[in-house]
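> Contents of input38.txt (compact mmCIF, C-alpha atoms) are below:
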# COMPACT_ATOMS: atom_id res chain seq x y z
CA MET C 1 163.25 88.91 130.91
CA ASN C 2 167.02 89.06 131.21
CA SER C 3 167.85 85.51 130.35
CA LEU C 4 168.55 83.84 127.05
CA THR C 5 166.09 80.99 127.66
CA VAL C 6 163.08 83.31 127.94
CA TYR C 7 163.76 84.78 124.50
CA LEU C 8 164.48 81.37 122.99
CA PHE C 9 161.13 80.07 124.25
CA VAL C 10 159.30 83.17 122.97
CA ALA C 11 160.87 82.64 119.54
CA LEU C 12 160.10 78.91 119.67
CA LEU C 13 156.43 79.53 120.46
CA LEU C 14 156.19 82.11 117.66
CA PHE C 15 157.84 79.65 115.26
CA CYS C 16 155.40 76.89 116.23
CA ILE C 17 152.38 79.17 115.76
CA GLY C 18 153.75 79.98 112.30
CA LEU C 19 154.33 76.29 111.54
CA PHE C 20 150.77 75.46 112.63
CA GLY C 21 149.42 78.17 110.33
CA LEU C 22 151.58 77.05 107.42
CA LEU C 23 150.35 73.46 107.67
CA GLN C 24 146.70 74.25 108.34
CA ARG C 25 145.87 77.20 106.01
CA ARG C 26 144.78 76.68 102.42
CA SER C 27 144.87 80.28 101.32
CA LEU C 28 148.27 81.10 99.81
CA ILE C 29 148.29 84.56 101.41
CA GLY C 30 147.61 82.94 104.79
CA MET C 31 150.57 80.62 104.28
CA LEU C 32 152.79 83.60 103.36
CA ILE C 33 151.74 85.35 106.60
CA SER C 34 152.70 82.23 108.58
CA ILE C 35 156.11 82.13 106.86
CA GLU C 36 156.71 85.75 107.87
CA LEU C 37 155.97 84.79 111.50
CA MET C 38 158.52 81.95 111.31
CA LEU C 39 161.18 84.25 109.81
CA ASN C 40 160.60 86.71 112.65
CA ALA C 41 161.08 83.94 115.20
CA ALA C 42 164.47 83.24 113.59
CA ALA C 43 165.33 86.95 113.80
CA ILE C 44 164.46 87.00 117.53
CA ASN C 45 166.79 84.04 118.02
CA PHE C 46 169.65 85.79 116.19
CA LEU C 47 169.27 88.90 118.33
CA ALA C 48 168.94 86.91 121.58
CA PHE C 49 172.18 85.02 120.92
CA ASN C 50 173.71 88.33 119.85
CA ARG C 51 172.68 89.97 123.13
CA PHE C 52 173.66 87.19 125.53
CA LEU C 53 176.45 85.10 123.96
CA ALA C 54 178.12 86.63 120.92
CA PRO C 55 181.56 88.27 121.11
CA ASP C 56 180.66 91.18 118.81
CA PRO C 57 177.15 92.72 119.09
CA ALA C 58 177.23 94.06 115.53
CA VAL C 59 177.34 90.70 113.74
CA GLY C 60 173.95 89.43 114.89
CA GLN C 61 172.29 92.70 113.94
CA ILE C 62 173.80 92.48 110.44
CA LEU C 63 172.49 88.91 110.09
CA VAL C 64 168.99 90.07 111.06
CA LEU C 65 169.24 92.82 108.42
CA PHE C 66 170.07 90.14 105.84
CA VAL C 67 167.10 88.04 106.99
CA MET C 68 164.84 91.09 106.51
CA GLY C 69 166.23 91.66 103.00
CA ILE C 70 165.63 88.04 102.01
CA ALA C 71 162.13 88.19 103.53
CA ALA C 72 161.31 91.26 101.46
CA ALA C 73 162.49 89.55 98.27
CA GLU C 74 160.54 86.42 99.17
CA ALA C 75 157.36 88.39 99.85
CA ALA C 76 157.63 90.21 96.50
CA ILE C 77 158.08 86.96 94.56
CA ALA C 78 155.37 85.13 96.49
CA LEU C 79 152.79 87.90 96.06
CA SER C 80 153.43 88.12 92.31
CA LEU C 81 153.09 84.33 92.01
CA ILE C 82 149.84 84.52 93.97
CA LEU C 83 148.52 87.18 91.57
CA ALA C 84 149.53 85.11 88.51
CA LEU C 85 147.89 82.01 90.01
CA PHE C 86 144.74 83.98 90.82
CA ARG C 87 144.48 85.19 87.22
CA ARG C 88 144.73 81.60 86.04
CA LEU C 89 142.53 79.80 88.57
CA ARG C 90 140.25 82.58 89.89
CA SER C 91 141.17 81.32 93.36
CA ILE C 92 144.10 81.44 95.77
CA ASN C 93 143.21 78.18 97.48
CA ILE C 94 146.10 75.76 97.07
CA GLU C 95 143.76 72.80 96.80
CA GLN C 96 142.56 74.25 93.47
CA ALA C 97 146.12 74.30 92.10
CA HIS C 98 146.44 70.67 91.08
CA ASP C 99 147.08 70.95 87.33
CA LEU C 100 150.31 68.97 87.62
CA ARG C 101 148.75 66.11 89.59
CA GLY C 102 149.55 62.82 87.89
CA MET Q 1 152.72 109.54 146.27
CA THR Q 2 151.75 106.93 148.85
CA PRO Q 3 154.29 104.27 149.82
CA VAL Q 4 152.16 101.59 148.14
CA MET Q 5 152.25 103.46 144.85
CA ALA Q 6 155.97 104.04 145.20
CA HIS Q 7 156.33 100.30 145.71
CA TYR Q 8 154.66 99.60 142.35
CA ILE Q 9 156.22 102.44 140.33
CA ARG Q 10 159.75 101.17 140.34
CA PRO Q 11 161.79 100.96 137.11
CA GLU Q 12 162.01 97.17 137.18
CA VAL Q 13 158.25 96.77 137.71
CA ILE Q 14 157.58 99.09 134.77
CA ALA Q 15 160.10 97.15 132.67
CA TYR Q 16 158.36 93.86 133.49
CA ALA Q 17 154.98 95.38 132.66
CA CYS Q 18 156.31 96.58 129.30
CA PHE Q 19 157.81 93.15 128.61
CA GLY Q 20 154.45 91.51 129.35
CA LEU Q 21 152.69 93.98 127.07
CA VAL Q 22 155.17 93.24 124.26
CA LEU Q 23 154.69 89.49 124.70
CA LEU Q 24 150.92 89.98 124.64
CA LEU Q 25 151.25 91.90 121.35
CA VAL Q 26 153.48 89.20 119.84
CA PHE Q 27 151.34 86.20 120.73
CA ALA Q 28 147.88 87.74 120.39
CA GLY Q 29 148.96 89.07 117.00
CA ALA Q 30 150.38 85.71 115.95
CA LEU Q 31 147.19 83.88 116.93
CA ILE Q 32 145.05 86.42 115.06
CA ALA Q 33 147.39 86.02 112.08
CA VAL Q 34 146.88 82.26 111.99
CA ILE Q 35 143.41 81.31 113.24
CA PRO Q 36 140.62 83.55 111.79
CA LYS Q 37 139.37 82.67 108.31
CA ASN Q 38 138.99 86.30 107.21
CA ILE Q 39 142.27 87.17 105.52
CA ILE Q 40 142.09 90.87 106.47
CA TYR Q 41 142.11 89.93 110.18
CA ASN Q 42 145.18 87.78 109.48
CA VAL Q 43 147.09 90.72 107.99
CA PHE Q 44 146.26 92.99 110.92
CA GLY Q 45 147.29 90.21 113.31
CA LEU Q 46 150.59 89.92 111.43
CA ALA Q 47 151.19 93.68 111.76
CA THR Q 48 150.39 93.57 115.51
CA SER Q 49 152.72 90.64 116.02
CA LEU Q 50 155.54 92.34 114.12
CA ILE Q 51 155.18 95.52 116.19
CA GLY Q 52 155.54 93.27 119.25
CA VAL Q 53 158.66 91.71 117.74
CA ALA Q 54 160.06 95.22 117.25
CA GLY Q 55 159.47 95.78 120.98
CA LEU Q 56 161.39 92.58 121.73
CA PHE Q 57 164.25 93.92 119.59
CA ILE Q 58 164.34 97.04 121.81
CA PHE Q 59 164.51 94.79 124.89
CA LEU Q 60 167.39 92.96 123.19
CA GLY Q 61 169.29 96.22 122.80
CA SER Q 62 168.90 97.05 119.14
CA GLU Q 63 166.74 100.13 118.55
CA PHE Q 64 167.95 100.36 114.97
CA LEU Q 65 166.59 96.91 114.09
CA ALA Q 66 163.33 97.71 115.88
CA MET Q 67 162.91 100.71 113.57
CA MET Q 68 163.83 98.63 110.54
CA GLU Q 69 161.32 95.96 111.60
CA VAL Q 70 158.48 98.48 111.74
CA LEU Q 71 159.63 100.14 108.51
CA ILE Q 72 160.23 97.01 106.40
CA TYR Q 73 157.76 94.48 107.78
CA VAL Q 74 154.83 96.58 108.99
CA GLY Q 75 155.37 99.37 106.49
CA ALA Q 76 156.24 97.41 103.37
CA ILE Q 77 155.47 93.69 103.58
CA ALA Q 78 152.12 93.95 105.39
CA ILE Q 79 151.01 96.70 103.01
CA ALA Q 80 152.14 94.62 100.00
CA ILE Q 81 150.04 91.72 101.34
CA VAL Q 82 147.05 94.07 101.65
CA PHE Q 83 147.56 95.09 98.01
CA ALA Q 84 147.70 91.45 96.94
CA ILE Q 85 144.45 90.81 98.84
CA MET Q 86 142.76 93.72 97.08
CA LEU Q 87 143.99 92.57 93.66
CA SER Q 88 143.09 88.91 94.09
CA GLN Q 89 139.83 89.55 95.98
CA PRO Q 90 139.80 86.40 98.10
CA MET Q 91 137.06 87.98 100.23
CA HIS Q 92 134.42 87.36 97.59
CA LEU Q 93 135.31 83.74 96.98
CA GLN Q 94 133.53 80.84 98.57
CA ILE Q 95 135.79 79.23 101.17
CA PRO Q 96 135.16 75.53 101.72
CA PRO Q 97 135.06 74.55 105.41
CA ARG Q 98 138.27 73.46 107.09
CA TRP Q 99 139.10 69.80 106.99
CA ARG Q 100 139.28 68.88 110.68
CA PRO Q 101 141.93 66.10 110.49
CA LYS Q 102 144.28 68.56 108.78
CA VAL Q 103 143.92 71.05 111.64
CA ILE Q 104 144.51 68.32 114.23
CA PHE Q 105 147.51 67.01 112.29
CA SER Q 106 149.00 70.53 112.10
CA LEU Q 107 148.46 71.01 115.84
CA VAL Q 108 150.19 67.71 116.59
CA VAL Q 109 153.16 68.49 114.32
CA SER Q 110 153.73 71.95 115.78
CA ALA Q 111 153.32 70.61 119.33
CA VAL Q 112 155.95 67.92 118.63
CA VAL Q 113 158.32 70.55 117.22
CA PHE Q 114 157.68 72.80 120.24
CA VAL Q 115 158.35 70.03 122.78
CA SER Q 116 161.48 68.72 121.05
CA PHE Q 117 163.08 72.12 120.56
CA GLY Q 118 161.93 73.16 124.04
CA VAL Q 119 163.72 70.20 125.63
CA LEU Q 120 166.79 71.04 123.54
CA VAL Q 121 166.76 74.70 124.63
CA ALA Q 122 166.14 73.90 128.30
CA HIS Q 123 168.87 71.26 128.54
CA THR Q 124 171.63 73.09 126.71
CA ASP Q 125 174.27 74.80 128.79
CA TRP Q 126 174.79 78.03 126.85
CA GLN Q 127 178.31 79.41 127.15
CA ALA Q 128 178.92 83.08 126.48
CA ALA Q 129 181.95 83.96 124.38
CA ALA Q 130 185.13 84.41 126.42
CA VAL Q 131 185.78 87.92 125.19
CA ARG Q 132 182.69 90.07 124.80
CA GLY Q 133 182.52 93.72 123.93
CA GLY Q 134 182.36 96.03 121.00
CA SER Q 135 180.04 98.75 119.96
CA TRP Q 136 176.23 98.66 119.66
CA GLN Q 137 176.25 101.80 117.54
CA VAL Q 138 174.67 101.97 114.11
CA ARG Q 139 177.93 103.49 112.88
CA ARG Q 140 179.68 100.17 113.56
CA LEU Q 141 176.99 98.32 111.59
CA GLY Q 142 177.58 100.60 108.62
CA GLU Q 143 181.34 100.11 108.79
CA LEU Q 144 181.02 96.33 108.92
CA LEU Q 145 178.49 96.27 106.08
CA LEU Q 146 180.95 98.13 103.85
CA THR Q 147 184.06 96.17 104.88
CA ARG Q 148 183.76 92.61 106.18
CA TYR Q 149 180.23 91.91 104.90
CA GLU Q 150 180.42 93.89 101.70
CA LEU Q 151 180.07 90.87 99.41
CA ALA Q 152 176.96 89.64 101.23
CA PHE Q 153 175.56 93.19 101.26
CA GLU Q 154 175.99 93.59 97.50
CA LEU Q 155 174.59 90.11 96.87
CA ILE Q 156 171.46 90.96 98.89
CA SER Q 157 170.98 94.08 96.75
CA LEU Q 158 171.33 91.95 93.61
CA VAL Q 159 168.87 89.37 94.97
CA LEU Q 160 166.36 92.13 95.73
CA LEU Q 161 166.77 93.60 92.24
CA VAL Q 162 166.29 90.21 90.56
CA ALA Q 163 163.33 89.42 92.83
CA ILE Q 164 161.58 92.70 92.02
CA ILE Q 165 162.14 92.34 88.26
CA GLY Q 166 160.94 88.73 88.46
CA ALA Q 167 157.89 89.80 90.47
CA ILE Q 168 156.98 92.41 87.87
CA ILE Q 169 157.39 89.88 85.05
CA THR Q 170 155.34 87.13 86.72
CA ALA Q 171 152.60 89.46 87.95
CA ALA Q 172 152.26 91.74 84.94
CA ALA Q 173 153.64 90.22 81.74
CA LEU Q 174 152.83 86.52 82.19
CA GLY Q 175 149.48 87.24 83.82
CA ARG Q 176 148.42 89.52 80.95
CA ALA Q 177 149.50 86.96 78.36
CA GLN Q 178 147.52 84.26 80.15
CA ALA Q 179 144.43 86.44 80.48
CA GLY Q 180 144.66 87.42 76.78
CA ARG Q 181 144.91 83.76 75.72
CA GLU Q 182 141.84 82.88 77.77
CA GLU Q 183 139.88 85.70 76.12
CA GLU Q 184 140.90 84.45 72.67
CA GLU Q 185 139.80 80.94 73.58
CA ALA Q 186 136.48 82.25 74.89
Spit out the file's structure as structure tokens when you get a sec.

Amino acid sequence: MNSLTVYLFVALLLFCIGLFGLLQRRSLIGMLISIELMLNAAAINFLAFNRFLAPDPAVGQILVLFVMGIAAAEAAIALSLILALFRRLRSINIEQAHDLRG
Amino acid sequence: MTPVMAHYIRPEVIAYACFGLVLLLVFAGALIAVIPKNIIYNVFGLATSLIGVAGLFIFLGSEFLAMMEVLIYVGAIAIAIVFAIMLSQPMHLQIPPRWRPKVIFSLVVSAVVFVSFGVLVAHTDWQAAAVRGGSWQVRRLGELLLTRYELAFELISLVLLVAIIGAIITAAALGRAQAGREEEEA
């Protein structure tokens, strides 16, 4: 547990679970949950490099704070879009949202 | 304490046990967040997984970010998702069964990504920076956020403000207008 590779593989596995969920779910909220998992995998990577390689331990932590801020903004926008889409379609299944299909 | 017990209650053994527990939280939570069809289980799985990630942050030396992770992700984002679930009531809707080829395709894609990045990670010779040091204190984070990273810090605040105003407009104003138009049509 004190080597960079262990943390990189943990983050990689978490990212791949998130990717699997993102591709396989049809509920928009389920896809949002998978995206949060992938963002967290990226944050683990930042902190692992910060702990084992980086010259200044503060920089990686600041980057993770920025990732959290962006994730909060993204969640707010995504949830409001989901609510607007639900009001329109009475469903949050993305396969129902095909109004723009040619 | 018997010698056998003393053998097992060493600091490093306890640390490994805690690390295993944290990994269990992360991956069990992530699998619960992705696989069950009931969306409420998914949210609780996400919260479990994020608490595990906060534990990993402590192992990586940043207690401050572990607290922020619990506060922002578990406390705010997971709760916001629960609110969205209550407002859009996906529990009462009929869910069509999963399309099996899609699941298999997703498994294959994520497995390919895992193997390719795994080979990359395993075969890279990571070099630590020549000069390493500096402070892990939160005080240093605050100083850097208000000096070197001030522009990015202010931009993030602006992005959050715009995102929240945009969220209110899309969720409340546009949704109401749409619902009103549908009532007029009906």
> Counting only C-alpha atoms, figure out which residue out of C:Asn45, C:Ser91, C:Ser80, C:Gln61 gets nearest to C:Val10.
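Using only C-alpha atoms, the shortest distance to C:Val10 belongs to C:Asn45.
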> Please compute the atom CA of Q:Phe114-atom CA of C:Leu12 distance, one decimal, in Å.
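Answer for the atom CA of Q:Phe114 to atom CA of C:Leu12 separation: 6.6 Å.
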> What separation in Å, quoted to one decimal, exists between atom CA of Q:Pro97 and atom CA of C:Ile94?
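Atom CA of C:Ile94 lies at a distance of 13.9 Å from atom CA of Q:Pro97.
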> Do you have the atom CA of Q:Ile14-atom CA of C:Asn50 distance handy?
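Between these atoms lies a distance of 24.5 Å.
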> With distances taken over all atoms listed in the file, which of C:Gly21, C:Met31, C:Pro55, C:Leu8 is nearest to C:Ala43?
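Between C:Gly21, C:Met31, C:Pro55, C:Leu8, the residue approaching C:Ala43 most closely is C:Leu8.
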> Using all atoms of stretch 35-53 of chain C listed in the file and a margin of 4 Å per side, can you give the axis-aligned box centre and edge lengths in Å to one decimal, as JSON?

{"center_x": 166.2, "center_y": 86.0, "center_z": 116.2, "size_x": 28.5, "size_y": 16.0, "size_z": 26.7}
> In terms of the shortest atom-to-atom distance over all atoms listed in the file, which of Q:Val121, Q:Val108, Q:Ala76, Q:Leu25 is closest to C:Val6?
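So, comparing all the options, the nearest one is Q:Val121.
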> Which residues of chain C come within 6 Å of chain Q, and what is each one's closest atom pair and distance in Å (one decimal), counting only C-alpha atoms, sorted by chain and residue number, as a Markdown table?

| residue | atom | partner | partner_atom | distance |
| --- | --- | --- | --- | --- |
| C:Cys16 | CA | Q:Ser110 | CA | 5.2 |
| C:Phe20 | CA | Q:Ser106 | CA | 5.3 |
| C:Gly21 | CA | Q:Val34 | CA | 5.1 |
| C:Leu23 | CA | Q:Ser106 | CA | 5.5 |
| C:Gln24 | CA | Q:Val103 | CA | 5.4 |
| C:Leu53 | CA | Q:Ala128 | CA | 4.1 |
| C:Ala54 | CA | Q:Ala129 | CA | 5.8 |
| C:Pro55 | CA | Q:Arg132 | CA | 4.3 |
| C:Asp56 | CA | Q:Gly134 | CA | 5.6 |
| C:Ala58 | CA | Q:Leu141 | CA | 5.8 |
| C:Ala73 | CA | Q:Leu160 | CA | 5.3 |
| C:Ile77 | CA | Q:Ala167 | CA | 5.0 |
| C:Ser80 | CA | Q:Ala171 | CA | 4.6 |
| C:Leu83 | CA | Q:Ala171 | CA | 5.9 |
| C:Ala84 | CA | Q:Gly175 | CA | 5.2 |
> Using only C-alpha atoms, pick whichever of Q:Ile79, Q:Cys18, Q:Ile51, Q:Leu71 has the shortest atom-to-atom distance to C:Met68.
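Checking each candidate against C:Met68, we get Q:Leu71 as the closest.
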